[in-house]
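Visitor: Input structure: final_33.cif, which contains mmCIF, C-alpha atoms.
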```cif
data_structure
loop_
_atom_site.label_atom_id
_atom_site.label_comp_id
_atom_site.auth_asym_id
_atom_site.auth_seq_id
_atom_site.Cartn_x
_atom_site.Cartn_y
_atom_site.Cartn_z
CA MET A 1319 78.06 -0.95 -21.07
CA ALA A 1320 76.84 0.48 -17.77
CA ALA A 1321 74.88 3.11 -19.63
CA GLU A 1322 73.25 0.40 -21.84
CA LYS A 1323 72.20 -1.63 -18.76
CA LYS A 1324 70.78 1.50 -17.14
CA CYS A 1325 68.77 2.22 -20.29
CA LEU A 1326 67.37 -1.34 -20.41
CA PHE A 1327 66.41 -1.12 -16.73
CA LEU A 1328 64.50 2.12 -17.29
CA ILE A 1329 62.66 0.64 -20.28
CA PHE A 1330 61.74 -2.50 -18.30
CA SER A 1331 60.60 -0.45 -15.29
CA SER A 1332 58.48 1.81 -17.47
CA ALA A 1333 56.86 -1.17 -19.21
CA PHE A 1334 56.20 -2.90 -15.88
CA PHE A 1335 54.41 0.08 -14.34
CA THR A 1336 52.47 0.68 -17.55
CA ILE A 1337 51.17 -2.92 -17.51
CA LEU A 1338 50.37 -2.61 -13.79
CA PHE A 1339 48.39 0.58 -14.44
CA ILE A 1340 46.40 -1.04 -17.26
CA LEU A 1341 45.56 -4.07 -15.13
CA THR A 1342 44.48 -1.85 -12.25
CA ALA A 1343 42.37 0.37 -14.50
CA ASN A 1344 40.65 -2.60 -16.16
CA SER A 1345 39.90 -4.44 -12.94
CA GLY A 1346 36.89 -2.23 -12.26
CA VAL A 1347 37.73 -2.17 -8.53
CA ASN A 1348 37.68 1.21 -6.83
CA SER A 1349 40.86 1.04 -4.74
CA ALA A 1350 39.71 4.04 -2.73
CA ALA A 1351 36.50 2.22 -1.82
CA PHE A 1352 37.92 -0.87 -0.16
CA PRO A 1353 41.35 -1.93 1.06
CA SER A 1354 43.13 -4.39 -1.20
CA LYS A 1355 42.46 -7.25 1.25
CA THR A 1356 38.79 -6.69 2.06
CA PHE A 1357 37.08 -9.95 2.94
CA PRO A 1358 33.33 -10.63 2.77
CA PRO A 1359 31.57 -9.86 6.06
CA VAL A 1360 30.41 -12.78 8.20
CA VAL A 1361 26.64 -13.07 7.87
CA ARG A 1362 24.81 -14.95 10.61
CA HIS A 1363 21.41 -16.49 9.97
CA GLY A 1364 18.89 -18.09 12.26
CA PRO A 1365 16.20 -17.21 14.82
CA SER A 1366 18.59 -15.14 16.94
CA SER A 1367 19.75 -13.03 13.96
CA PRO A 1368 17.84 -10.39 11.97
CA PRO A 1369 15.80 -11.83 9.12
CA ALA A 1370 17.11 -11.83 5.55
CA PHE A 1371 15.18 -11.36 2.32
CA ALA A 1372 15.47 -12.81 -1.17
CA TYR A 1373 14.50 -10.22 -3.78
CA TYR A 1374 13.38 -11.04 -7.30
CA ILE A 1375 13.51 -7.79 -9.30
CA SER A 1376 12.18 -7.91 -12.87
CA GLY A 1377 11.99 -5.39 -15.68
CA GLY A 1378 11.59 -5.01 -19.41
CA PRO A 1379 13.71 -3.61 -22.23
CA GLY A 1380 15.25 -0.26 -21.39
CA HIS A 1381 14.82 -0.86 -17.64
CA LYS A 1382 18.47 -1.49 -16.76
CA ASP A 1383 18.93 1.83 -14.98
CA ARG A 1384 15.63 1.45 -13.12
CA ILE A 1385 16.63 -1.99 -11.85
CA ILE A 1386 20.02 -0.73 -10.66
CA ARG A 1387 18.43 2.21 -8.84
CA LEU A 1388 15.92 -0.12 -7.16
CA LEU A 1389 18.68 -2.58 -6.27
CA LEU A 1390 20.68 0.16 -4.55
CA ALA A 1391 17.57 1.33 -2.69
CA VAL A 1392 16.91 -2.15 -1.22
CA TYR A 1393 20.49 -3.39 -0.91
CA HIS A 1394 21.85 -5.02 2.24
CA PRO A 1395 24.71 -7.54 2.59
CA ARG A 1396 22.44 -9.96 4.49
CA ASN A 1397 19.97 -10.26 1.60
CA ARG A 1398 20.09 -12.09 -1.74
CA TYR A 1399 19.09 -10.54 -5.06
CA LEU A 1400 18.15 -11.95 -8.46
CA LEU A 1401 17.68 -9.55 -11.38
CA HIS A 1402 15.74 -10.43 -14.52
CA LEU A 1403 15.47 -8.44 -17.74
CA SER A 1404 12.67 -9.85 -19.88
CA HIS A 1405 13.25 -11.89 -23.01
CA GLU A 1406 12.70 -8.93 -25.34
CA ALA A 1407 15.61 -7.00 -23.79
CA SER A 1408 18.80 -7.29 -25.79
CA ASP A 1409 21.79 -9.37 -24.74
CA GLY A 1410 23.79 -6.16 -24.70
CA GLU A 1411 21.44 -4.68 -22.12
CA ARG A 1412 21.77 -7.81 -19.99
CA VAL A 1413 25.56 -7.55 -20.16
CA ALA A 1414 25.34 -3.85 -19.25
CA LEU A 1415 23.15 -4.73 -16.26
CA ALA A 1416 25.66 -7.32 -15.05
CA SER A 1417 28.50 -4.81 -15.47
CA ALA A 1418 26.59 -2.18 -13.50
CA VAL A 1419 26.01 -4.70 -10.71
CA ARG A 1420 29.70 -5.56 -10.56
CA ALA A 1421 30.53 -1.85 -10.26
CA VAL A 1422 28.70 -1.56 -6.92
CA PRO A 1423 31.52 -1.61 -4.31
CA ALA A 1424 29.65 -3.68 -1.70
CA VAL A 1425 28.51 -6.22 -4.29
CA GLN A 1426 32.13 -6.68 -5.38
CA VAL A 1427 32.95 -7.88 -1.88
CA VAL A 1428 29.76 -9.69 -0.79
CA GLY A 1429 28.73 -11.21 -4.13
CA ASN A 1430 25.03 -11.47 -3.23
CA VAL A 1431 23.53 -10.19 -6.51
CA ASP A 1432 22.96 -12.32 -9.61
CA VAL A 1433 21.58 -11.55 -13.08
CA ILE A 1434 19.66 -14.14 -15.08
CA GLY A 1435 21.68 -14.62 -18.26
CA LYS A 1436 19.11 -16.58 -20.27
CA ALA A 1437 15.87 -14.67 -19.86
CA ASP A 1438 12.49 -16.36 -19.62
CA ALA A 1439 10.05 -15.65 -22.43
CA THR A 1440 6.97 -14.04 -20.90
CA THR A 1441 3.61 -13.00 -22.32
CA TYR A 1442 1.48 -10.27 -20.82
CA MET A 1443 -1.50 -11.83 -19.01
CA GLY A 1444 -0.11 -15.33 -19.63
CA SER A 1445 1.14 -18.02 -17.26
CA SER A 1446 4.72 -17.65 -18.48
CA THR A 1447 5.03 -14.74 -16.03
CA LEU A 1448 4.18 -17.11 -13.18
CA ALA A 1449 6.70 -19.60 -14.55
CA ALA A 1450 9.38 -16.89 -14.41
CA VAL A 1451 8.58 -16.17 -10.74
CA LEU A 1452 8.77 -19.86 -9.84
CA HIS A 1453 12.05 -20.11 -11.75
CA ALA A 1454 13.45 -17.17 -9.80
CA ALA A 1455 12.34 -18.66 -6.49
CA SER A 1456 14.03 -21.97 -7.29
CA ILE A 1457 17.29 -20.20 -8.20
CA LEU A 1458 17.26 -18.20 -4.98
CA MET A 1459 16.56 -21.35 -2.96
CA ARG A 1460 19.59 -23.00 -4.51
CA LEU A 1461 21.91 -19.99 -4.26
CA ASP A 1462 21.33 -19.14 -0.62
CA SER A 1463 20.09 -21.19 2.32
CA GLY A 1464 19.88 -18.28 4.75
CA TRP A 1465 17.05 -16.03 3.60
CA ASP A 1466 13.65 -16.02 5.34
CA TRP A 1467 11.23 -14.28 2.95
CA PHE A 1468 10.90 -14.10 -0.84
CA ILE A 1469 9.86 -10.66 -2.17
CA THR A 1470 8.80 -9.86 -5.73
CA LEU A 1471 9.41 -6.37 -7.11
CA SER A 1472 9.19 -4.81 -10.55
CA SER A 1473 11.42 -2.07 -11.89
CA THR A 1474 8.55 0.42 -11.36
CA ASP A 1475 8.45 -0.24 -7.58
CA TYR A 1476 10.36 1.59 -4.83
CA PRO A 1477 10.88 1.03 -1.09
CA LEU A 1478 9.39 3.28 1.57
CA VAL A 1479 11.67 2.00 4.35
CA THR A 1480 15.33 1.13 4.66
CA GLN A 1481 16.42 -2.49 4.86
CA ASP A 1482 17.32 -1.91 8.51
CA ASP A 1483 13.73 -0.73 9.05
CA LEU A 1484 12.32 -3.75 7.26
CA SER A 1485 14.55 -6.25 9.06
CA HIS A 1486 13.81 -4.64 12.43
CA VAL A 1487 10.04 -4.83 11.96
CA PHE A 1488 10.13 -8.39 10.59
CA SER A 1489 12.26 -9.49 13.56
CA SER A 1490 9.03 -9.60 15.59
CA VAL A 1491 7.15 -11.57 12.91
CA PRO A 1492 6.96 -15.40 12.95
CA ARG A 1493 9.16 -16.47 10.06
CA ASP A 1494 6.60 -18.84 8.60
CA LEU A 1495 4.04 -16.06 7.98
CA ASN A 1496 3.15 -15.03 4.42
CA PHE A 1497 2.01 -11.58 3.30
CA ILE A 1498 -0.30 -11.92 0.32
CA ASP A 1499 -3.39 -9.90 -0.59
CA HIS A 1500 -6.19 -12.39 -1.33
CA THR A 1501 -9.92 -13.03 -1.47
CA SER A 1502 -12.27 -15.81 -2.54
CA ASP A 1503 -14.82 -13.24 -3.73
CA LEU A 1504 -13.98 -13.53 -7.41
CA GLY A 1505 -16.69 -11.16 -8.63
CA TRP A 1506 -16.30 -10.36 -12.31
CA LYS A 1507 -13.02 -12.28 -12.43
CA GLU A 1508 -14.86 -15.60 -12.22
CA LEU A 1509 -16.53 -15.08 -15.60
CA HIS A 1510 -13.73 -13.14 -17.31
CA ARG A 1511 -10.56 -14.64 -15.80
CA MET A 1512 -11.18 -18.07 -14.30
CA GLN A 1513 -13.65 -19.65 -16.70
CA PRO A 1514 -12.09 -18.70 -20.06
CA ILE A 1515 -9.44 -21.13 -21.32
CA VAL A 1516 -6.28 -19.47 -22.60
CA VAL A 1517 -2.97 -20.72 -23.96
CA ASP A 1518 0.25 -18.78 -23.43
CA PRO A 1519 2.52 -19.26 -26.47
CA GLY A 1520 5.46 -18.02 -24.37
CA ILE A 1521 5.37 -21.37 -22.58
CA TYR A 1522 5.95 -23.55 -25.63
CA LEU A 1523 7.33 -21.21 -28.32
CA GLY A 1524 10.12 -19.87 -26.10
CA ARG A 1525 9.91 -16.39 -27.57
CA LYS A 1526 8.14 -13.11 -26.96
CA THR A 1527 4.58 -12.96 -28.21
CA ASN A 1528 2.12 -10.10 -28.06
CA LYS A 1529 -0.96 -11.98 -26.97
CA ILE A 1530 -2.37 -15.13 -25.49
CA PHE A 1531 -4.69 -17.46 -27.42
CA HIS A 1532 -8.32 -17.87 -26.33
CA ALA A 1533 -10.23 -21.13 -26.69
CA THR A 1534 -13.75 -20.99 -28.08
CA GLN A 1535 -15.13 -22.84 -25.04
CA THR A 1536 -15.05 -22.02 -21.35
CA ARG A 1537 -14.89 -24.25 -18.28
CA PRO A 1538 -16.73 -24.18 -14.96
CA THR A 1539 -15.12 -22.85 -11.81
CA PRO A 1540 -13.29 -25.73 -10.08
CA ALA A 1541 -15.08 -27.74 -7.41
CA ALA A 1542 -12.05 -29.77 -6.25
CA PHE A 1543 -10.48 -26.68 -4.67
CA LYS A 1544 -11.43 -23.09 -3.85
CA VAL A 1545 -10.05 -20.39 -6.12
CA PHE A 1546 -8.58 -17.25 -4.58
CA THR A 1547 -7.33 -14.10 -6.28
CA GLY A 1548 -5.44 -10.96 -5.31
CA SER A 1549 -2.28 -8.92 -5.79
CA PRO A 1550 0.62 -10.52 -7.68
CA TRP A 1551 3.13 -8.73 -5.41
CA VAL A 1552 3.96 -11.00 -2.51
CA THR A 1553 6.21 -11.56 0.50
CA LEU A 1554 6.32 -15.32 1.03
CA SER A 1555 8.08 -17.41 3.65
CA ARG A 1556 10.88 -19.74 2.71
CA SER A 1557 8.90 -22.73 3.98
CA PHE A 1558 5.95 -21.92 1.71
CA ILE A 1559 8.20 -21.36 -1.32
CA GLU A 1560 9.79 -24.73 -0.64
CA PHE A 1561 6.30 -26.27 -0.48
CA CYS A 1562 5.37 -24.76 -3.87
CA LEU A 1563 8.58 -25.98 -5.52
CA MET A 1564 9.10 -29.36 -3.85
CA GLY A 1565 5.81 -29.93 -2.10
CA TRP A 1566 5.20 -33.25 -0.38
CA ASP A 1567 1.51 -32.64 -1.12
CA ASN A 1568 0.41 -32.72 -4.77
CA LEU A 1569 -1.65 -29.53 -4.38
CA PRO A 1570 0.95 -27.09 -5.81
CA ARG A 1571 1.31 -29.18 -8.99
CA VAL A 1572 -2.43 -29.67 -9.44
CA LEU A 1573 -3.06 -25.95 -9.14
CA LEU A 1574 -0.13 -25.14 -11.41
CA LEU A 1575 -1.71 -27.26 -14.15
CA TYR A 1576 -5.00 -25.44 -13.69
CA PHE A 1577 -3.52 -21.93 -13.63
CA THR A 1578 -1.43 -22.63 -16.73
CA ASN A 1579 -4.57 -21.85 -18.73
CA VAL A 1580 -5.81 -18.91 -16.64
CA MET A 1581 -5.31 -15.24 -17.52
CA LEU A 1582 -2.99 -13.39 -15.14
CA SER A 1583 -2.26 -16.59 -13.24
CA GLU A 1584 0.18 -14.82 -10.92
CA GLU A 1585 -2.90 -13.13 -9.41
CA GLY A 1586 -4.29 -16.47 -8.27
CA TYR A 1587 -1.73 -19.28 -8.07
CA PHE A 1588 0.06 -18.58 -4.77
CA HIS A 1589 -3.19 -17.33 -3.26
CA SER A 1590 -5.04 -20.55 -4.09
CA VAL A 1591 -2.19 -22.85 -3.06
CA ILE A 1592 -1.77 -21.23 0.34
CA CYS A 1593 -5.48 -21.03 1.15
CA ASN A 1594 -6.19 -24.63 0.10
CA SER A 1595 -3.30 -26.02 2.11
CA PRO A 1596 -4.16 -26.97 5.72
CA GLU A 1597 -0.52 -26.46 6.66
CA PHE A 1598 -0.29 -22.86 5.42
CA GLN A 1599 -3.81 -21.41 5.31
CA ASN A 1600 -3.50 -20.21 8.92
CA LEU A 1601 -0.11 -18.63 8.21
CA THR A 1602 -1.47 -16.00 5.84
CA VAL A 1603 -1.64 -12.25 6.44
CA ASN A 1604 -4.05 -10.53 4.07
CA SER A 1605 -1.80 -7.72 2.83
CA ASP A 1606 0.80 -7.22 0.11
CA LEU A 1607 2.54 -4.41 2.08
CA ARG A 1608 2.30 -2.14 -0.98
CA TYR A 1609 0.95 1.37 -1.51
CA ILE A 1610 -0.95 1.39 -4.80
CA VAL A 1611 -3.47 3.91 -6.14
CA TRP A 1612 -5.92 2.76 -8.78
CA ASP A 1613 -7.52 5.09 -11.28
CA ASN A 1614 -11.28 5.53 -11.14
CA PRO A 1615 -12.65 3.57 -12.88
CA PRO A 1616 -9.82 1.03 -12.41
CA LYS A 1617 -7.58 0.33 -15.38
CA MET A 1618 -5.27 -2.62 -16.03
CA GLU A 1619 -2.38 -0.75 -14.44
CA PRO A 1620 -2.39 1.47 -11.31
CA HIS A 1621 -1.88 5.20 -11.20
CA PHE A 1622 1.68 6.48 -11.61
CA LEU A 1623 2.72 8.08 -8.32
CA ASN A 1624 4.37 11.52 -8.29
CA VAL A 1625 5.27 14.36 -5.91
CA THR A 1626 1.59 15.11 -5.21
CA ASP A 1627 1.31 11.63 -3.69
CA TYR A 1628 4.32 11.94 -1.40
CA ASP A 1629 2.51 12.73 1.85
CA ASN A 1630 0.15 9.79 1.38
CA VAL A 1631 3.06 7.54 0.42
CA VAL A 1632 5.21 8.45 3.42
CA HIS A 1633 2.35 7.96 5.88
CA SER A 1634 1.00 4.78 4.29
CA GLY A 1635 2.81 2.54 6.77
CA VAL A 1636 3.79 -0.06 4.19
CA ALA A 1637 7.12 -1.28 2.85
CA PHE A 1638 6.88 -0.53 -0.89
CA ALA A 1639 4.97 1.61 -3.37
CA ARG A 1640 4.22 1.30 -7.05
CA GLN A 1641 4.23 2.41 -9.74
CA PHE A 1642 6.66 5.21 -10.62
CA LYS A 1643 7.90 6.61 -13.89
CA LYS A 1644 11.62 6.50 -14.56
CA ASN A 1645 13.54 9.02 -12.42
CA ASP A 1646 10.34 10.74 -11.25
CA PRO A 1647 11.25 13.60 -8.87
CA VAL A 1648 9.34 11.89 -6.05
CA LEU A 1649 11.98 9.13 -6.07
CA ASP A 1650 14.65 11.73 -5.32
CA ILE A 1651 12.56 12.93 -2.37
CA ILE A 1652 12.21 9.36 -1.05
CA ASP A 1653 15.97 8.88 -1.44
CA GLU A 1654 16.74 12.07 0.45
CA LYS A 1655 14.15 12.06 3.23
CA ILE A 1656 13.48 8.35 3.85
CA LEU A 1657 16.39 6.28 2.57
CA GLN A 1658 19.06 8.99 2.97
CA ARG A 1659 20.63 7.55 -0.15
CA GLY A 1660 23.10 9.42 -2.29
CA SER A 1661 23.02 9.27 -6.08
CA HIS A 1662 24.39 5.96 -7.40
CA GLN A 1663 24.92 4.74 -3.82
CA ALA A 1664 23.37 1.99 -1.73
CA ALA A 1665 20.88 3.06 0.92
CA PRO A 1666 22.96 3.25 4.12
CA GLY A 1667 22.35 1.13 7.20
CA ALA A 1668 24.10 0.10 10.39
CA TRP A 1669 26.37 -2.09 8.25
CA CYS A 1670 27.94 0.97 6.59
CA SER A 1671 31.02 2.10 8.51
CA GLY A 1672 32.41 4.60 6.03
CA ARG A 1673 32.40 8.34 6.52
CA ARG A 1674 29.31 10.12 5.21
CA SER A 1675 29.90 13.16 3.03
CA TRP A 1676 28.74 14.61 -0.26
CA TRP A 1677 31.66 12.99 -2.07
CA MET A 1678 32.05 9.71 -0.14
CA ASP A 1679 29.77 6.67 -0.04
CA PRO A 1680 29.42 5.55 3.61
CA CYS A 1681 28.76 1.99 2.42
CA THR A 1682 32.27 1.53 1.08
CA GLY A 1683 33.24 0.27 4.52
CA PHE A 1684 31.72 -2.61 6.46
CA GLY A 1685 30.56 -2.58 10.04
CA ASP A 1686 28.65 -5.47 11.64
CA VAL A 1687 26.17 -6.64 9.00
CA ASN A 1688 24.26 -8.59 11.67
CA VAL A 1689 23.17 -5.42 13.46
CA VAL A 1690 20.27 -3.27 12.27
CA LYS A 1691 19.46 0.29 13.26
CA PRO A 1692 15.90 1.35 12.40
CA GLY A 1693 15.15 4.92 11.42
CA PRO A 1694 12.07 7.13 11.94
CA GLN A 1695 10.11 5.54 9.08
CA ALA A 1696 10.22 2.14 10.81
CA SER A 1697 7.57 3.23 13.32
CA ASN A 1698 4.95 3.63 10.56
CA LEU A 1699 5.60 0.12 9.27
CA GLU A 1700 5.68 -1.18 12.86
CA ASP A 1701 2.21 0.24 13.52
CA THR A 1702 0.89 -1.39 10.36
CA MET A 1703 2.51 -4.71 11.25
CA THR A 1704 1.01 -4.65 14.75
CA LYS A 1705 -2.49 -4.22 13.29
CA LEU A 1706 -1.91 -6.92 10.67
CA LEU A 1707 -0.67 -9.41 13.25
CA GLU A 1708 -3.65 -8.70 15.52
CA ASP A 1709 -5.95 -9.31 12.56
CA TRP A 1710 -4.05 -12.49 11.68
CA LYS A 1711 -4.35 -13.85 15.22
CA SER A 1712 -8.09 -13.30 15.13
CA GLN A 1713 -8.23 -15.07 11.73
CA SER A 1714 -10.89 -12.59 10.66
CA SER A 1715 -9.60 -12.08 7.11
CA SER A 1716 -7.20 -14.93 6.27
CA CYS A 1717 -8.32 -17.18 3.43
CA LYS A 1718 -11.93 -15.92 3.47
#
```
Could you show the structure in this file as structure tokens?
Guide:
Amino acid sequence: MAAEKKCLFLIFSSAFFTILFILTANSGVNSAAFPSKTFPPVVRHGPSSPPAFAYYISGGPGHKDRIIRLLLAVYHPRNRYLLHLSHEASDGERVALASAVRAVPAVQVVGNVDVIGKADATTYMGSSTLAAVLHAASILMRLDSGWDWFITLSSTDYPLVTQDDLSHVFSSVPRDLNFIDHTSDLGWKELHRMQPIVVDPGIYLGRKTNKIFHATQTRPTPAAFKVFTGSPWVTLSRSFIEFCLMGWDNLPRVLLLYFTNVMLSEEGYFHSVICNSPEFQNLTVNSDLRYIVWDNPPKMEPHFLNVTDYDNVVHSGVAFARQFKKNDPVLDIIDEKILQRGSHQAAPGAWCSGRRSWWMDPCTGFGDVNVVKPGPQASNLEDTMTKLLEDWKSQSSSCK
């Protein structure tokens, strides 16, 4: 009888530890990364704390790995992130992206990264792309009340500074300023972009289409407001985003109706809203903080950057560069020399308290996430910011 009870106990014990092992293996949590009772760090927001950023990162089919690499390069627990794979990407790829996000140790604890599950249908050169950006901004406004600036990135972009660098430099910037490349000198765009009437089928068909529809007639350039154009890549203040989404003035809605039928409306909507608004037109810095090289003569897309561009990139004094091919060797150089980021690891900052080694991710432990420690690259961005702020104060180039 005693032998039978001993046998049953061994069977039960074996089954119990087998079930425990399976549950642990399937949880996806790296027990070596964080203690079992790791709590989210306390993030402080406000004028006396470092600024925080809301990132909207978008990409197309097959861009899951690019988006994850970019996310890790710009990750910080103080920020908020929204990832969007376009409508033509498969549901399986979206699920894989969400799984890859959950596998990042810091994200498991902080929970500050989200993936759009139902993708927006977008059409190249159509206003559905602008609609997707406004959708993302509204989601980020609802998810997090603490961020200060909204930044748009594509999966072909990459940072040239750490998030500690960026936060340090922006700590000296008034938090209602907006960084947006713009001009009222429309040039050839007036005849070929603003006056043609186009219809984006992605808006009303809700599916991917290859082209926009052109009306047979054109329309004159508006007289009720001044049209501005510029780079679609922006860094916008929370107050201005709130104005665009819930504006007490009707201007954002009037301009949205107009730009619905304009080609590449994301190159003109925010620019025209901000420069036609008395409240925000003097809070505009004429720069997108990007390093971009255009082919000569210019094409629809900029030059792909590579290792031959590295010296110019590193001394450009801006925050981001575009565009790069997938896993281009120059990205590895930026990771090593600027971001000091290991493969498949978040770019380290003062918030990372773990031990740094070739086999250990220093960002598997949390220090004070409300402290930033700028690195050598911050000085280049600081010099650029000083010049931009001097130019802004003189109002020599804002909304001209």
Visitor: Here's a test: counting all atoms listed in the file, identify every protein, DNA and RNA residue with an atom at most 6 Å from (-1.8, -24.9, -3.1) in the file's coordinate frame, and state them as a list in words.
Guide: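 All residues meeting the 6 Å criterion around (-1.8, -24.9, -3.1) are Leu1569, Pro1570, Ser1590, Val1591, Ile1592, Asn1594 and Ser1595 of chain A.
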Visitor: Keeping C-alpha atoms, export the residues of the selection given above as a tab-separated table (two decimals), in the coordinates of the input.
Guide:
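Output saved as again34.tsv:
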```
chain	number	residue	atom	x	y	z
A	1569	LEU	CA	-1.65	-29.53	-4.38
A	1570	PRO	CA	0.95	-27.09	-5.81
A	1590	SER	CA	-5.04	-20.55	-4.09
A	1591	VAL	CA	-2.19	-22.85	-3.06
A	1592	ILE	CA	-1.77	-21.23	0.34
A	1594	ASN	CA	-6.19	-24.63	0.10
A	1595	SER	CA	-3.30	-26.02	2.11
```
Visitor: How would you write, as a list in words, the residues chosen by the PyMOL selection byres ((chain A and resi 1483) around 8) on this structure?
Guide: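 So the PyMOL selection byres ((chain A and resi 1483) around 8) ends up selecting Val1479, Thr1480, Gln1481, Asp1482, Leu1484, Ser1485, His1486, Val1487, Val1690, Lys1691, Pro1692, Gly1693, Gln1695 and Ala1696 of chain A.
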Visitor: Once you count all atoms listed in the file, what closest atom pair and distance in Å to one decimal does each residue of range 1480-1598 of chain A within 12 Å of range 1427-1444 of chain A have, with rows by chain and rising residue number, as a tab-separated table?
Guide:
```
residue	atom	partner	partner_atom	distance
A:Arg1511	CA	A:Met1443	CA	10.0
A:Ile1515	CA	A:Gly1444	CA	11.1
A:Val1516	CA	A:Gly1444	CA	8.0
A:Val1517	CA	A:Gly1444	CA	7.5
A:Asp1518	CA	A:Gly1444	CA	5.1
A:Pro1519	CA	A:Thr1441	CA	7.6
A:Gly1520	CA	A:Thr1440	CA	5.5
A:Ile1521	CA	A:Ala1439	CA	7.4
A:Tyr1522	CA	A:Ala1439	CA	9.5
A:Leu1523	CA	A:Ala1439	CA	8.5
A:Gly1524	CA	A:Ala1439	CA	5.6
A:Arg1525	CA	A:Ala1439	CA	5.2
A:Lys1526	CA	A:Ala1439	CA	5.5
A:Thr1527	CA	A:Thr1441	CA	6.0
A:Asn1528	CA	A:Thr1441	CA	6.6
A:Lys1529	CA	A:Thr1441	CA	6.6
A:Ile1530	CA	A:Gly1444	CA	6.3
A:Phe1531	CA	A:Gly1444	CA	9.3
A:His1532	CA	A:Gly1444	CA	10.9
A:Pro1550	CA	A:Met1443	CA	11.6
A:Phe1577	CA	A:Gly1444	CA	9.5
A:Thr1578	CA	A:Gly1444	CA	8.0
A:Asn1579	CA	A:Gly1444	CA	8.0
A:Val1580	CA	A:Gly1444	CA	7.4
A:Met1581	CA	A:Met1443	CA	5.3
A:Leu1582	CA	A:Met1443	CA	4.4
A:Ser1583	CA	A:Gly1444	CA	6.9
A:Glu1584	CA	A:Gly1444	CA	8.7
A:Glu1585	CA	A:Met1443	CA	9.8
```
Visitor: List the neighbours of Arg1608 in chain A out to 6 Å using all atoms listed in the file; skip same-chain residues closer than 5 positions along the sequence, and give me the result as a PyMOL selection string.
Guide: chain A and resi 1636+1638-1639
Visitor: Could you name the residues that touch range 1701-1715 of chain A at 9 Å or less, counting only C-alpha atoms, but leaving out those on the same chain fewer than 2 positions away, as JSON, numbers by chain?
Guide: {"A": [1487, 1488, 1491, 1501, 1600, 1601, 1602, 1603, 1604, 1605, 1607, 1634, 1635, 1636, 1696, 1697, 1698, 1699, 1717, 1718]}
Visitor: With the file shown as input, list the residues that the PyMOL selection byres ((chain A and resi 1655-1658) around 7) selects, as number ranges by chain.
Guide: A: 1478-1480, 1651-1654, 1659-1660, 1665, 1695
Visitor: Work out how far apart CA of Thr1536 in chain A and CA of Met1618 in chain A are and give it in Å to one decimal.
Guide: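 These two atoms are separated by 22.4 Å.
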Visitor: Go ahead and compute the interatomic distance for CA of His1402 in chain A and CA of Ser1376 in chain A, in Å to one decimal.
Guide: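 So the two atoms, CA of His1402 in chain A and CA of Ser1376 in chain A, lie 4.7 Å apart.
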Visitor: Would you please work out which residue, of A:Ser1555, A:Asn1630, A:Thr1547, A:Gln1663, is nearest to Met1512 in chain A when using all atoms listed in the file?
Guide: A:Thr1547
Visitor: For the atom pair CA of Gly1685 in chain A and CA of Asp1650 in chain A, what is the interatomic distance in Å to one decimal place?
Guide: 26.3 Å
Visitor: Looking at all atoms listed in the file, which of A:Tyr1476, A:Phe1588, A:Trp1612, A:Phe1357 is the one that sits closest to Arg1640 in chain A?
Guide: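 Smallest distance to Arg1640 in chain A is found for A:Tyr1476.
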Visitor: From the block I gave, I'd like range 1439-1460 of chain A written with C-alpha atoms, as a PDB file, in the first residue's frame.
Guide:
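Produced file part_23.pdb, reproduced below:
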```
ATOM      1  CA  ALA A1439      -6.746  51.161 -46.703  1.00  0.00           C
ATOM      2  CA  THR A1440      -4.324  53.616 -48.299  1.00  0.00           C
ATOM      3  CA  THR A1441      -3.660  54.619 -51.894  1.00  0.00           C
ATOM      4  CA  TYR A1442      -0.342  55.973 -53.089  1.00  0.00           C
ATOM      5  CA  MET A1443      -0.652  59.733 -53.702  1.00  0.00           C
ATOM      6  CA  GLY A1444      -4.200  59.727 -52.294  1.00  0.00           C
ATOM      7  CA  SER A1445      -5.720  61.376 -49.231  1.00  0.00           C
ATOM      8  CA  SER A1446      -6.281  58.019 -47.522  1.00  0.00           C
ATOM      9  CA  THR A1447      -2.645  58.240 -46.376  1.00  0.00           C
ATOM     10  CA  LEU A1448      -3.451  61.500 -44.589  1.00  0.00           C
ATOM     11  CA  ALA A1449      -6.536  59.862 -43.080  1.00  0.00           C
ATOM     12  CA  ALA A1450      -4.322  57.098 -41.672  1.00  0.00           C
ATOM     13  CA  VAL A1451      -2.012  59.660 -40.032  1.00  0.00           C
ATOM     14  CA  LEU A1452      -4.953  61.495 -38.454  1.00  0.00           C
ATOM     15  CA  HIS A1453      -6.333  58.156 -37.273  1.00  0.00           C
ATOM     16  CA  ALA A1454      -3.008  57.305 -35.659  1.00  0.00           C
ATOM     17  CA  ALA A1455      -2.800  60.697 -33.971  1.00  0.00           C
ATOM     18  CA  SER A1456      -6.284  60.294 -32.510  1.00  0.00           C
ATOM     19  CA  ILE A1457      -5.423  56.828 -31.153  1.00  0.00           C
ATOM     20  CA  LEU A1458      -2.234  58.103 -29.533  1.00  0.00           C
ATOM     21  CA  MET A1459      -4.115  61.039 -27.999  1.00  0.00           C
ATOM     22  CA  ARG A1460      -6.584  58.624 -26.441  1.00  0.00           C
TER      23      ARG A1460
END
```
